[in-house]
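Have a look at entry_6.txt below; it lists compact mmCIF, C-alpha atoms.
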```txt
# COMPACT_ATOMS: atom_id res chain seq x y z
CA MET A 1 -6.42 -91.45 126.70
CA LYS A 2 -5.96 -94.13 124.06
CA GLY A 3 -6.50 -91.57 121.29
CA LEU A 4 -3.90 -89.27 122.85
CA SER A 5 -1.36 -92.11 122.94
CA ILE A 6 -1.87 -92.82 119.23
CA PHE A 7 -1.44 -89.10 118.47
CA VAL A 8 1.81 -88.94 120.44
CA LEU A 9 3.02 -92.11 118.70
CA LEU A 10 2.32 -90.62 115.26
CA LEU A 11 4.18 -87.44 116.19
CA THR A 12 7.13 -89.51 117.36
CA LEU A 13 7.21 -91.56 114.16
CA ASN A 14 7.00 -88.44 111.98
CA SER A 15 9.82 -86.77 113.87
CA CYS A 16 11.99 -89.87 113.49
CA THR A 17 11.42 -90.29 109.76
CA LYS A 18 11.66 -86.62 108.81
CA GLU A 19 15.08 -85.87 107.36
CA VAL A 20 16.97 -83.26 109.33
CA LYS A 21 19.27 -81.27 107.10
CA GLU A 22 22.50 -80.56 108.90
CA PRO A 23 24.11 -77.19 108.09
CA ILE A 24 27.23 -77.43 105.97
CA THR A 25 28.90 -74.15 106.85
CA ASN A 26 30.24 -73.19 110.25
CA THR A 27 31.41 -69.64 110.89
CA ARG A 28 34.22 -70.92 113.12
CA ASP A 29 35.78 -72.55 110.04
CA TYR A 30 36.24 -69.33 108.07
CA ASN A 31 35.70 -66.26 110.28
CA SER A 32 39.44 -65.69 110.54
CA PHE A 33 39.64 -65.41 106.73
CA LEU A 34 37.10 -62.58 106.63
CA ILE A 35 39.34 -60.18 108.52
CA ASN A 36 39.76 -57.03 106.44
CA GLY A 37 43.50 -56.82 107.08
CA ILE A 38 44.34 -60.12 105.37
CA ARG A 39 45.86 -59.06 102.04
CA GLU A 40 48.80 -61.40 101.77
CA THR A 41 48.44 -62.07 98.02
CA TYR A 42 47.91 -58.39 97.23
CA ASN A 43 50.93 -57.29 99.27
CA ASN A 44 53.16 -59.91 97.66
CA ALA A 45 51.99 -58.98 94.16
CA LEU A 46 52.46 -55.28 94.88
CA SER A 47 56.00 -55.90 96.14
CA GLU A 48 56.76 -57.91 93.00
CA LYS A 49 55.36 -55.14 90.82
CA VAL A 50 57.52 -52.50 92.53
CA PHE A 51 60.64 -54.69 92.36
CA TRP A 52 60.37 -55.51 88.65
CA SER A 53 59.27 -51.99 87.73
CA ASN A 54 62.42 -50.61 89.34
CA ARG A 55 64.55 -53.05 87.34
CA LEU A 56 63.21 -51.68 84.07
CA ARG A 57 65.75 -48.91 83.64
CA PRO A 58 65.13 -46.28 80.95
CA ASP A 59 68.46 -47.17 79.27
CA SER A 60 67.70 -50.91 79.02
CA SER A 61 65.26 -53.00 76.99
CA GLY A 62 64.72 -55.11 80.12
CA VAL A 63 63.06 -57.89 78.14
CA GLY A 64 63.86 -60.40 80.89
CA ASP A 65 62.03 -58.24 83.43
CA LEU A 66 58.84 -57.80 81.39
CA GLY A 67 57.52 -61.31 82.04
CA PRO A 68 57.84 -61.19 85.85
CA LEU A 69 56.35 -57.69 85.89
CA ALA A 70 53.41 -58.89 83.79
CA GLY A 71 52.99 -61.80 86.21
CA ALA A 72 52.82 -59.38 89.13
CA TYR A 73 50.15 -57.31 87.35
CA THR A 74 48.18 -60.51 86.60
CA ASN A 75 48.21 -61.38 90.31
CA LEU A 76 47.10 -57.85 91.15
CA PHE A 77 44.14 -58.24 88.79
CA GLU A 78 43.15 -61.55 90.33
CA VAL A 79 43.24 -60.24 93.88
CA THR A 80 41.64 -56.81 93.24
CA GLY A 81 39.45 -57.35 90.17
CA ASN A 82 40.81 -54.11 88.65
CA VAL A 83 40.65 -54.78 84.91
CA ASN A 84 43.21 -52.05 84.20
CA TYR A 85 45.87 -54.44 85.48
CA LEU A 86 44.91 -56.83 82.65
CA LYS A 87 45.47 -54.01 80.18
CA ASN A 88 48.91 -53.38 81.71
CA VAL A 89 49.72 -57.07 81.25
CA GLU A 90 48.65 -56.97 77.61
CA GLN A 91 50.98 -54.07 76.83
CA LEU A 92 53.91 -55.68 78.64
CA TYR A 93 53.59 -58.95 76.74
CA LYS A 94 53.24 -57.14 73.42
CA LYS A 95 56.46 -55.26 74.19
CA ALA A 96 58.19 -58.52 75.18
CA ILE A 97 57.11 -60.19 71.91
CA LYS A 98 58.49 -57.25 69.95
CA LEU A 99 61.85 -57.21 71.76
CA SER A 100 62.44 -60.93 72.27
CA PHE A 101 64.48 -63.05 69.85
CA GLN A 102 64.61 -66.43 71.64
CA ASN A 103 61.52 -66.66 73.86
CA LYS A 104 58.88 -65.11 71.63
CA ASP A 105 56.50 -68.08 71.82
CA ILE A 106 56.51 -67.95 75.65
CA TYR A 107 55.27 -64.38 75.55
CA ILE A 108 52.76 -65.22 72.82
CA ARG A 109 51.19 -67.92 75.00
CA SER A 110 51.12 -65.49 77.92
CA LEU A 111 49.45 -62.84 75.77
CA ALA A 112 46.92 -65.44 74.58
CA HIS A 113 46.11 -66.27 78.19
CA ASN A 114 45.58 -62.56 78.83
CA TYR A 115 43.27 -62.34 75.80
CA ILE A 116 41.25 -65.30 77.11
CA SER A 117 40.85 -63.50 80.46
CA GLN A 118 39.52 -60.51 78.52
CA HIS A 119 37.17 -62.77 76.47
CA ARG A 120 39.05 -61.91 73.30
CA PHE A 121 39.05 -65.53 72.19
CA LYS A 122 39.54 -65.11 68.45
CA GLU A 123 42.60 -62.94 68.98
CA ALA A 124 44.00 -65.59 71.30
CA ARG A 125 43.37 -68.30 68.71
CA ASN A 126 44.99 -66.29 65.92
CA ILE A 127 48.28 -65.62 67.70
CA LEU A 128 48.48 -69.19 69.01
CA GLU A 129 47.89 -70.70 65.57
CA GLU A 130 50.55 -68.43 64.06
CA SER A 131 53.01 -69.38 66.79
CA TYR A 132 52.18 -73.10 66.45
CA ALA A 133 52.94 -72.99 62.74
CA GLY A 134 56.41 -71.54 63.42
CA ILE A 135 59.15 -72.18 65.94
CA SER A 136 57.49 -72.87 69.29
CA ASN A 137 57.11 -75.30 72.15
CA LYS A 138 54.49 -77.42 70.42
CA HIS A 139 53.19 -79.20 73.52
CA LEU A 140 52.62 -76.05 75.59
CA THR A 141 50.98 -74.35 72.62
CA GLU A 142 48.74 -77.39 72.07
CA LEU A 143 47.54 -77.13 75.66
CA MET A 144 46.49 -73.53 75.09
CA LEU A 145 44.95 -74.25 71.70
CA PHE A 146 42.69 -76.79 73.40
CA ASP A 147 41.67 -74.09 75.88
CA VAL A 148 40.86 -71.50 73.26
CA TYR A 149 38.97 -73.89 70.98
CA MET A 150 36.80 -74.91 73.94
CA GLU A 151 36.07 -71.24 74.62
CA LEU A 152 35.15 -70.71 70.97
CA GLY A 153 32.89 -73.75 70.83
CA ASP A 154 35.00 -75.44 68.16
CA TYR A 155 34.79 -78.82 69.85
CA LEU A 156 36.15 -80.84 66.92
CA LYS A 157 39.41 -78.89 67.03
CA ALA A 158 39.46 -79.04 70.82
CA ASP A 159 39.12 -82.84 70.66
CA GLU A 160 41.93 -82.98 68.10
CA PHE A 161 44.30 -81.13 70.42
CA LEU A 162 43.17 -83.15 73.44
CA GLY A 163 44.41 -86.20 71.56
CA LYS A 164 47.76 -84.55 70.87
CA ILE A 165 48.42 -83.79 74.55
CA LYS A 166 47.22 -87.12 75.99
CA ASN A 167 49.16 -88.21 79.07
CA ASN A 168 47.16 -89.67 81.97
CA ASN A 169 49.92 -88.82 84.43
CA ASP A 170 50.23 -85.16 83.46
CA TYR A 171 48.50 -82.50 85.56
CA ASN A 172 47.93 -80.20 82.59
CA TYR A 173 46.30 -82.97 80.55
CA LEU A 174 44.08 -84.15 83.41
CA ILE A 175 42.59 -80.74 84.14
CA ARG A 176 41.73 -80.38 80.45
CA LEU A 177 40.32 -83.89 80.27
CA ALA A 178 38.13 -82.94 83.24
CA LYS A 179 36.86 -79.89 81.35
CA TRP A 180 36.16 -82.03 78.29
CA SER A 181 34.31 -84.63 80.40
CA GLU A 182 32.13 -81.91 81.95
CA TYR A 183 31.30 -80.60 78.47
CA LYS A 184 30.28 -84.14 77.44
CA GLY A 185 28.01 -84.36 80.49
CA ASN A 186 30.10 -86.86 82.45
CA LEU A 187 30.52 -84.96 85.69
CA GLU A 188 31.63 -87.96 87.72
CA ALA A 189 34.50 -88.63 85.30
CA ALA A 190 35.43 -84.93 85.40
CA ILE A 191 35.66 -85.13 89.19
CA ARG A 192 37.82 -88.28 89.04
CA TYR A 193 40.30 -86.58 86.70
CA LEU A 194 40.45 -83.49 88.88
CA GLU A 195 40.99 -85.64 91.98
CA LYS A 196 43.92 -87.30 90.21
CA ALA A 197 45.30 -83.86 89.24
CA LYS A 198 44.91 -82.79 92.88
CA LYS A 199 47.08 -85.71 94.02
CA ILE A 200 49.78 -84.74 91.52
CA ALA A 201 49.68 -81.11 92.72
CA GLU A 202 49.98 -82.23 96.33
CA SER A 203 52.86 -84.61 95.56
CA ARG A 204 54.75 -81.73 93.96
CA GLY A 205 54.01 -79.40 96.86
CA SER A 206 53.01 -76.69 94.39
CA LYS A 207 50.88 -74.06 96.10
CA SER A 208 49.53 -72.58 92.87
CA LEU A 209 48.59 -75.97 91.39
CA LYS A 210 46.93 -77.04 94.64
CA ILE A 211 44.87 -73.84 94.79
CA TRP A 212 43.71 -74.32 91.20
CA ALA A 213 42.80 -77.98 91.83
CA TYR A 214 41.00 -77.27 95.12
CA ILE A 215 38.94 -74.41 93.71
CA ASN A 216 37.87 -76.30 90.61
CA LEU A 217 37.13 -79.46 92.56
CA ALA A 218 35.00 -77.41 94.95
CA ASP A 219 32.98 -76.10 92.00
CA PHE A 220 32.59 -79.56 90.46
CA TYR A 221 31.57 -81.09 93.78
CA GLY A 222 28.96 -78.35 94.05
CA HIS A 223 27.61 -79.17 90.58
CA ALA A 224 27.38 -82.82 91.65
CA GLY A 225 25.53 -81.98 94.86
CA LYS A 226 28.46 -83.02 97.06
CA LEU A 227 28.25 -79.83 99.06
CA LYS A 228 30.25 -80.89 102.11
CA LYS A 229 33.17 -81.80 99.87
CA ALA A 230 32.78 -78.51 98.02
CA TYR A 231 32.81 -76.58 101.29
CA ASN A 232 35.88 -78.44 102.57
CA HIS A 233 37.81 -77.68 99.38
CA TYR A 234 36.97 -73.99 99.61
CA LEU A 235 38.38 -74.11 103.15
CA MET A 236 41.48 -75.95 101.93
CA THR A 237 41.97 -73.13 99.42
CA LEU A 238 41.67 -70.48 102.12
CA ASN A 239 44.17 -72.30 104.31
CA LEU A 240 46.66 -71.89 101.47
CA GLN A 241 45.55 -68.42 100.40
CA PRO A 242 43.55 -66.63 103.13
CA ASP A 243 42.50 -63.77 100.85
CA ASN A 244 41.14 -65.93 98.01
CA ALA A 245 37.92 -64.12 97.12
CA TYR A 246 36.57 -66.90 94.91
CA ALA A 247 36.66 -69.46 97.73
CA LYS A 248 34.87 -67.05 100.06
CA LYS A 249 32.22 -66.44 97.41
CA GLY A 250 31.79 -70.21 97.08
CA ILE A 251 31.10 -70.50 100.81
CA ALA A 252 28.66 -67.58 100.59
CA TRP A 253 26.81 -69.41 97.81
CA ILE A 254 26.51 -72.56 99.94
CA ALA A 255 25.15 -70.46 102.81
CA PHE A 256 22.58 -68.88 100.48
CA SER A 257 21.61 -71.61 98.03
CA SER A 258 21.74 -74.65 100.28
CA GLU A 259 21.11 -73.26 103.75
CA LYS A 260 18.98 -70.21 102.80
CA ASN A 261 21.06 -68.22 105.29
CA THR A 262 20.83 -64.87 103.56
CA ASP A 263 22.30 -62.86 106.43
CA GLU A 264 25.47 -64.98 106.50
CA ALA A 265 25.83 -64.89 102.72
CA LYS A 266 25.61 -61.09 102.79
CA ARG A 267 28.11 -60.87 105.65
CA ILE A 268 30.65 -62.88 103.67
CA LEU A 269 30.03 -60.85 100.51
CA ASP A 270 30.44 -57.57 102.36
CA SER A 271 33.83 -58.70 103.64
CA ILE A 272 34.99 -59.66 100.12
CA MET A 273 33.76 -56.48 98.43
CA ILE A 274 35.98 -54.25 100.57
CA HIS A 275 39.02 -55.15 98.49
CA HIS A 276 37.86 -57.30 95.54
CA LYS A 277 36.09 -54.84 93.27
CA VAL A 278 34.29 -56.87 90.60
CA PRO A 279 30.72 -56.32 89.39
CA ASP A 280 29.68 -59.97 89.97
CA TYR A 281 28.91 -59.47 93.64
CA PHE A 282 26.10 -57.03 92.89
CA LEU A 283 24.27 -59.80 91.01
CA PHE A 284 24.74 -62.17 93.92
CA LYS A 285 23.27 -59.53 96.24
CA ALA A 286 20.43 -58.95 93.77
CA ASP A 287 19.52 -62.65 93.92
CA ILE A 288 19.56 -62.60 97.71
CA ALA A 289 17.33 -59.50 97.81
CA GLU A 290 14.89 -61.03 95.31
CA TYR A 291 14.71 -64.21 97.40
CA GLU A 292 13.95 -62.04 100.44
CA ASN A 293 11.20 -60.37 98.37
CA LYS A 294 13.01 -57.02 98.52
CA ILE A 295 12.30 -56.17 94.91
CA LEU A 296 13.43 -52.54 94.93
CA GLU A 297 16.71 -53.52 96.59
CA SER A 298 17.22 -56.28 94.03
CA LYS A 299 16.71 -53.82 91.17
CA LYS A 300 19.17 -51.42 92.81
CA HIS A 301 21.87 -54.10 92.96
CA ARG A 302 21.33 -55.00 89.30
CA GLN A 303 21.64 -51.36 88.34
CA ASN A 304 24.82 -51.16 90.42
CA PHE A 305 26.13 -54.09 88.38
CA ILE A 306 25.35 -52.33 85.09
CA ASN A 307 26.97 -49.12 86.35
CA ALA A 308 30.10 -50.98 87.45
CA VAL A 309 30.43 -52.68 84.05
CA ASN A 310 29.87 -49.41 82.19
CA ARG A 311 32.51 -47.64 84.31
CA GLY A 312 35.07 -50.39 83.80
CA ASN A 313 37.09 -51.26 80.75
CA TYR A 314 35.67 -54.79 80.54
CA GLY A 315 34.96 -55.22 76.84
CA ALA A 316 32.92 -58.41 76.35
CA MET A 317 33.79 -59.92 79.75
CA TYR A 318 30.31 -59.37 81.21
CA ASN A 319 28.13 -59.72 78.11
CA THR A 320 26.49 -62.95 79.27
CA TYR A 321 25.28 -61.35 82.51
CA LEU A 322 24.14 -58.19 80.71
CA ILE A 323 22.09 -60.21 78.23
CA GLU A 324 20.07 -61.76 81.06
CA ILE A 325 19.48 -58.41 82.75
CA TYR A 326 18.57 -56.52 79.58
CA ALA A 327 16.28 -59.34 78.45
CA GLU A 328 13.91 -58.23 81.22
CA LYS A 329 14.25 -54.45 80.94
CA ASN A 330 15.49 -53.77 77.39
CA PRO A 331 14.91 -56.84 75.17
CA GLU A 332 16.18 -55.20 71.98
CA LYS A 333 19.51 -54.38 73.60
CA ALA A 334 19.69 -57.94 74.95
CA LEU A 335 19.22 -59.31 71.44
CA GLU A 336 21.93 -57.02 70.10
CA LEU A 337 24.37 -58.14 72.79
CA ALA A 338 23.46 -61.80 72.29
CA ASN A 339 24.30 -61.60 68.59
CA GLU A 340 27.61 -59.96 69.50
CA GLU A 341 28.34 -62.81 71.90
CA ILE A 342 27.60 -65.39 69.18
CA GLU A 343 30.08 -63.60 66.95
CA ASN A 344 32.63 -63.70 69.75
CA ARG A 345 32.09 -67.35 70.76
CA ALA A 346 29.53 -69.59 69.07
CA THR A 347 29.03 -71.95 72.01
CA PRO A 348 25.78 -73.59 73.16
CA GLU A 349 26.02 -71.31 76.22
CA ALA A 350 25.98 -68.23 73.98
CA TYR A 351 23.14 -69.64 71.88
CA HIS A 352 20.83 -70.28 74.84
CA LEU A 353 21.23 -66.61 75.78
CA LEU A 354 20.39 -65.64 72.20
CA ALA A 355 17.29 -67.83 72.40
CA TYR A 356 16.31 -66.21 75.70
CA ALA A 357 16.69 -62.74 74.18
CA GLN A 358 14.60 -63.85 71.19
CA LEU A 359 11.92 -65.13 73.57
CA LYS A 360 11.81 -61.80 75.41
CA ASN A 361 11.46 -60.04 72.03
CA GLU A 362 8.41 -62.28 71.36
CA LYS A 363 10.22 -64.14 68.59
CA LEU A 364 8.93 -67.49 69.83
CA LYS A 365 9.62 -69.58 66.73
CA GLU A 366 13.09 -68.11 66.27
CA ALA A 367 13.89 -68.88 69.90
CA LEU A 368 12.68 -72.47 69.45
CA HIS A 369 14.76 -72.84 66.28
CA THR A 370 17.85 -71.61 68.15
CA ILE A 371 17.30 -74.04 71.02
CA GLU A 372 16.60 -77.04 68.81
CA ASN A 373 19.55 -76.44 66.47
CA PHE A 374 22.27 -75.04 68.71
CA VAL A 375 21.50 -75.94 72.34
CA GLU A 376 19.47 -79.12 72.70
CA GLY A 377 21.77 -82.08 73.34
CA LYS A 378 24.86 -79.86 73.06
CA THR A 379 25.20 -78.61 76.64
CA PHE A 380 24.26 -79.83 80.11
CA GLU A 381 24.53 -76.44 81.77
CA PRO A 382 21.51 -75.93 84.09
CA LEU A 383 20.92 -72.31 83.01
CA ALA A 384 20.76 -73.44 79.37
CA LEU A 385 18.19 -76.08 80.33
CA TYR A 386 16.20 -73.48 82.26
CA HIS A 387 16.07 -71.12 79.30
CA SER A 388 15.17 -74.06 77.07
CA VAL A 389 12.21 -74.99 79.27
CA LEU A 390 10.93 -71.40 79.15
CA ILE A 391 11.04 -71.49 75.36
CA TYR A 392 9.38 -74.91 75.15
CA LYS A 393 6.61 -73.67 77.45
CA ALA A 394 6.09 -70.55 75.31
CA ASN A 395 5.71 -72.85 72.29
CA ASP A 396 3.22 -75.15 74.11
CA MET A 397 5.62 -78.13 74.15
CA ASN A 398 4.42 -79.36 77.53
CA ASN A 399 5.95 -82.84 77.36
CA LYS A 400 9.45 -81.35 77.04
CA VAL A 401 8.67 -78.88 79.82
CA LYS A 402 7.82 -81.72 82.21
CA THR A 403 10.91 -83.74 81.29
CA ILE A 404 13.37 -80.87 81.71
CA LYS A 405 11.73 -79.69 84.95
CA ASN A 406 12.47 -83.12 86.42
CA GLU A 407 16.07 -82.95 85.18
CA LEU A 408 16.56 -79.52 86.70
CA LYS A 409 15.60 -80.66 90.20
CA THR A 410 19.13 -81.98 90.65
CA ALA A 411 20.54 -78.55 89.73
CA TYR A 412 18.70 -76.39 92.26
CA PHE A 413 21.85 -75.69 94.26
CA GLU A 414 23.72 -74.48 91.19
CA LEU A 415 20.82 -72.38 89.90
CA GLY A 416 20.01 -70.91 93.29
CA PRO A 417 16.73 -70.42 95.18
CA VAL A 418 15.35 -67.66 92.93
CA ILE A 419 15.42 -69.65 89.69
CA SER A 420 14.49 -72.87 91.52
CA ILE A 421 11.24 -71.28 92.70
CA LYS A 422 10.50 -70.09 89.16
CA ILE A 423 11.05 -73.62 87.85
CA GLU A 424 8.63 -75.07 90.42
CA ASN A 425 6.03 -72.49 89.38
CA LEU A 426 6.23 -73.28 85.66
```
Just give me the structure as structure tokens.
Amino acid sequence: MKGLSIFVLLLTLNSCTKEVKEPITNTRDYNSFLINGIRETYNNALSEKVFWSNRLRPDSSGVGDLGPLAGAYTNLFEVTGNVNYLKNVEQLYKKAIKLSFQNKDIYIRSLAHNYISQHRFKEARNILEESYAGISNKHLTELMLFDVYMELGDYLKADEFLGKIKNNNDYNYLIRLAKWSEYKGNLEAAIRYLEKAKKIAESRGSKSLKIWAYINLADFYGHAGKLKKAYNHYLMTLNLQPDNAYAKKGIAWIAFSSEKNTDEAKRILDSIMIHHKVPDYFLFKADIAEYENKILESKKHRQNFINAVNRGNYGAMYNTYLIEIYAEKNPEKALELANEEIENRATPEAYHLLAYAQLKNEKLKEALHTIENFVEGKTFEPLALYHSVLIYKANDMNNKVKTIKNELKTAYFELGPVISIKIENL
């Protein structure tokens, strides 16, 4: 009897001290946003497109109508994922630049933004630099030059332009300072700057600025492990824009990566994929299937991703994802794509993919050289650290493997369950 009492006491103590992980997501919070008929943003953008298209009469240059029409097409791309809308935007802005006499630099900045969306970063830089050297709104062009230099990995130039635009009370400066802080590895500072930008957006009552701030804060909170805050900001986004696919995907990732609720993650993804046709979701589904040990299904989703990219007119927009996939099934093609990506944007993020492709081509020393010279100490991105640890392990650098494995434990949510398990098994 005495022994039984001790056993019961131990069970009670264990149950009291064991941490119970409360679920973050609740279907009641977002079910209404998964309804297939909610297409408010799409319908508004389509109406705008029809209106401005009708204003472009055959007997008129209609230069003043080109910008709003391009804006409508941009919104259509964002809500549908149809890359052809981006191509429409590009042609409209090129026509506006050709026809305009007074607002040329406005259209140049808009075209540069379009190029950035298409991952044509050098073209964006070239037209912005040319505009900046001439008659232009210097401040607005400086903002975009910071953006494009960050994308290109020219951090000295990016820092130079960050200094030119400094204004701690300006929304546009704060969101860029947040991006710079994240690049420097100071995530807490990045979050503080975004929170300040959020307050400015809310004080202005600007729906578009609030959506941008909420979405990016949600992502940053996720990186920092503040998942409840991330979840709440995705919900705040959906309350403003019920058909925001990115926010729904963020909730699906929390359900999968944090809660391991694969069925719910798939349910959310299925609702998004009805109208938002981008290849990314196939990779998400591939990760879920791999985690569920459904290997054939995972391979099928990855092939669906490749097929979707090949069918689309995406250019270099999906190169980073393709490099990872081909590294496993066609290493030579992965290496070719990785070198193309370096030519396009010589960032530490591009270099860690090059190193990964080199590793898969059994170029162990070349991969190590790439990591040590172009990645180590230059990025804090978890995937870059994961690829680094694979390369250190292949080169028998076990001390570095142990150190980085410990660092990566704080990034398991961001990396997801599949990679997290691989890290534990290293």
Legend entry - Minimum-distance residue to Tyr246 in chain A, chosen among A:Glu424, A:Asp147, A:Asp396, A:Glu78 (using all atoms listed in the file):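 Once distances to Tyr246 in chain A are computed over all atoms listed in the file, the minimum belongs to A:Glu78.
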Inset, instruction - Mind checking which residues fall within 8 Å of range 214-220 of chain A, counting all atoms listed in the file, ignoring those fewer than 5 positions away in the same chain, and posting them as a ChimeraX atom specification? - result: /A:187,190-191,194-195,198,229-234,236-237,246-247,250
Inset, instruction - Go through A:Ala197, A:Arg345, A:Val401, A:Tyr115 one by one, measure the shortest atom-to-atom distance of each to Tyr149 in chain A using only C-alpha atoms, and give the residue with the smallest value. - result: A:Arg345
Would you mind listing what lies within 9 Å of range 24-41 of chain A as a JSON list (two decimals) with C-alpha atoms, in the frame of the given file, with all atoms listed in the file counted and same-chain residues fewer than 5 positions away left out?
```json
[["chain", "number", "residue", "atom", "x", "y", "z"],
["A", 46, "LEU", "CA", 52.46, -55.28, 94.88],
["A", 75, "ASN", "CA", 48.21, -61.38, 90.31],
["A", 76, "LEU", "CA", 47.10, -57.85, 91.15],
["A", 79, "VAL", "CA", 43.24, -60.24, 93.88],
["A", 227, "LEU", "CA", 28.25, -79.83, 99.06],
["A", 228, "LYS", "CA", 30.25, -80.89, 102.11],
["A", 231, "TYR", "CA", 32.81, -76.58, 101.29],
["A", 235, "LEU", "CA", 38.38, -74.11, 103.15],
["A", 238, "LEU", "CA", 41.67, -70.48, 102.12],
["A", 239, "ASN", "CA", 44.17, -72.30, 104.31],
["A", 241, "GLN", "CA", 45.55, -68.42, 100.40],
["A", 242, "PRO", "CA", 43.55, -66.63, 103.13],
["A", 243, "ASP", "CA", 42.50, -63.77, 100.85],
["A", 244, "ASN", "CA", 41.14, -65.93, 98.01],
["A", 248, "LYS", "CA", 34.87, -67.05, 100.06],
["A", 251, "ILE", "CA", 31.10, -70.50, 100.81],
["A", 254, "ILE", "CA", 26.51, -72.56, 99.94],
["A", 255, "ALA", "CA", 25.15, -70.46, 102.81],
["A", 258, "SER", "CA", 21.74, -74.65, 100.28],
["A", 259, "GLU", "CA", 21.11, -73.26, 103.75],
["A", 264, "GLU", "CA", 25.47, -64.98, 106.50],
["A", 268, "ILE", "CA", 30.65, -62.88, 103.67],
["A", 271, "SER", "CA", 33.83, -58.70, 103.64],
["A", 272, "ILE", "CA", 34.99, -59.66, 100.12],
["A", 274, "ILE", "CA", 35.98, -54.25, 100.57],
["A", 275, "HIS", "CA", 39.02, -55.15, 98.49]]
```
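Taking CA of Leu162 in chain A as the reference point, CA of Thr320 in chain A is found at 26.8 Å.
Around Ile108 in chain A, within 10 Å and counting all atoms listed in the file, the residues found are Tyr93, Lys94, Ala96, Ile97, Asn103, Lys104, Ala112, His113, Asn114, Ala124, Ile127, Leu128, Glu130, Ser131, Ser136 and Thr141 of chain A, once anything fewer than 4 positions away on its own chain is removed.
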Selected residues, C-alpha atoms, written as a PDB file, keeping the file's coordinate frame, please.
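selection_2.pdb was written with the following content:
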```pdb
ATOM      1  CA  TYR A  93      53.590 -58.950  76.740  1.00  0.00           C
ATOM      2  CA  LYS A  94      53.240 -57.140  73.420  1.00  0.00           C
ATOM      3  CA  ALA A  96      58.190 -58.520  75.180  1.00  0.00           C
ATOM      4  CA  ILE A  97      57.110 -60.190  71.910  1.00  0.00           C
ATOM      5  CA  ASN A 103      61.520 -66.660  73.860  1.00  0.00           C
ATOM      6  CA  LYS A 104      58.880 -65.110  71.630  1.00  0.00           C
ATOM      7  CA  ALA A 112      46.920 -65.440  74.580  1.00  0.00           C
ATOM      8  CA  HIS A 113      46.110 -66.270  78.190  1.00  0.00           C
ATOM      9  CA  ASN A 114      45.580 -62.560  78.830  1.00  0.00           C
ATOM     10  CA  ALA A 124      44.000 -65.590  71.300  1.00  0.00           C
ATOM     11  CA  ILE A 127      48.280 -65.620  67.700  1.00  0.00           C
ATOM     12  CA  LEU A 128      48.480 -69.190  69.010  1.00  0.00           C
ATOM     13  CA  GLU A 130      50.550 -68.430  64.060  1.00  0.00           C
ATOM     14  CA  SER A 131      53.010 -69.380  66.790  1.00  0.00           C
ATOM     15  CA  SER A 136      57.490 -72.870  69.290  1.00  0.00           C
ATOM     16  CA  THR A 141      50.980 -74.350  72.620  1.00  0.00           C
TER      17      THR A 141
END
```
Legend entry - For Leu86 in chain A, the nearest of the candidates A:Gly185, A:Gly225, A:Gly315, A:Pro417, counting all atoms listed in the file: A:Gly315
Legend entry - Selected residue of minimal separation from Ala70 in chain A among A:Ala45, A:Ala338, A:Ala308, A:Ile421, counting all atoms listed in the file: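 Counting all atoms listed in the file, the residue closest to Ala70 in chain A is A:Ala45.
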Legend entry - Coordinates-based distance that separates CA of Lys249 in chain A from CA of Pro279 in chain A (Å, one decimal):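 Going from CA of Pro279 in chain A over to CA of Lys249 in chain A, I get 13.0 Å.
We find CA of Leu322 in chain A and CA of Glu343 in chain A to be spaced 15.9 Å apart.
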Padded axis-aligned box of range 46-54 of chain A (5 Å per side), centre and edge lengths, Å, one decimal, as lines of an AutoDock Vina configuration file:
```
center_x = 57.4
center_y = -54.3
center_z = 91.9
size_x = 20.0
size_y = 17.3
size_z = 18.4
```
Inset, instruction - Quick one: everything within 12 Å of Ile165 in chain A, counting only C-alpha atoms, minus sequence neighbours fewer than 5 positions away in the same chain. Send it as a list in words. - result: Lys138, His139, Leu140, Thr141, Glu142, Leu143, Met144, Leu145, Phe146, Asp147, Ala158, Asp159, Glu160, Asp170, Tyr171, Asn172, Tyr173, Leu174, Ile175, Arg176 and Leu177 of chain A
Inset, instruction - Go through A:Val389, A:Leu269, A:Val309, A:Leu99 one by one, measure the shortest atom-to-atom distance of each to Val83 in chain A using only C-alpha atoms, and give the residue with the smallest value. - result: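 Among the listed residues, the smallest separation from Val83 in chain A belongs to A:Val309.
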Inset, instruction - Can you work out which one of A:Lys184, A:Lys210, A:Lys294, A:Lys157 has the shortest atom-to-atom distance to Lys196 in chain A, counting only C-alpha atoms? - result: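 Distance minimum relative to Lys196 in chain A lands on A:Lys210.
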Inset, instruction - Write out as a list in words which residues come within 8 Å of Tyr356 in chain A when counting all atoms listed in the file, dropping same-chain ones fewer than 5 positions away. - result: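 Listing them by chain and then by number gives Glu324, Ala327, Ala367, His387 and Ile391 of chain A.
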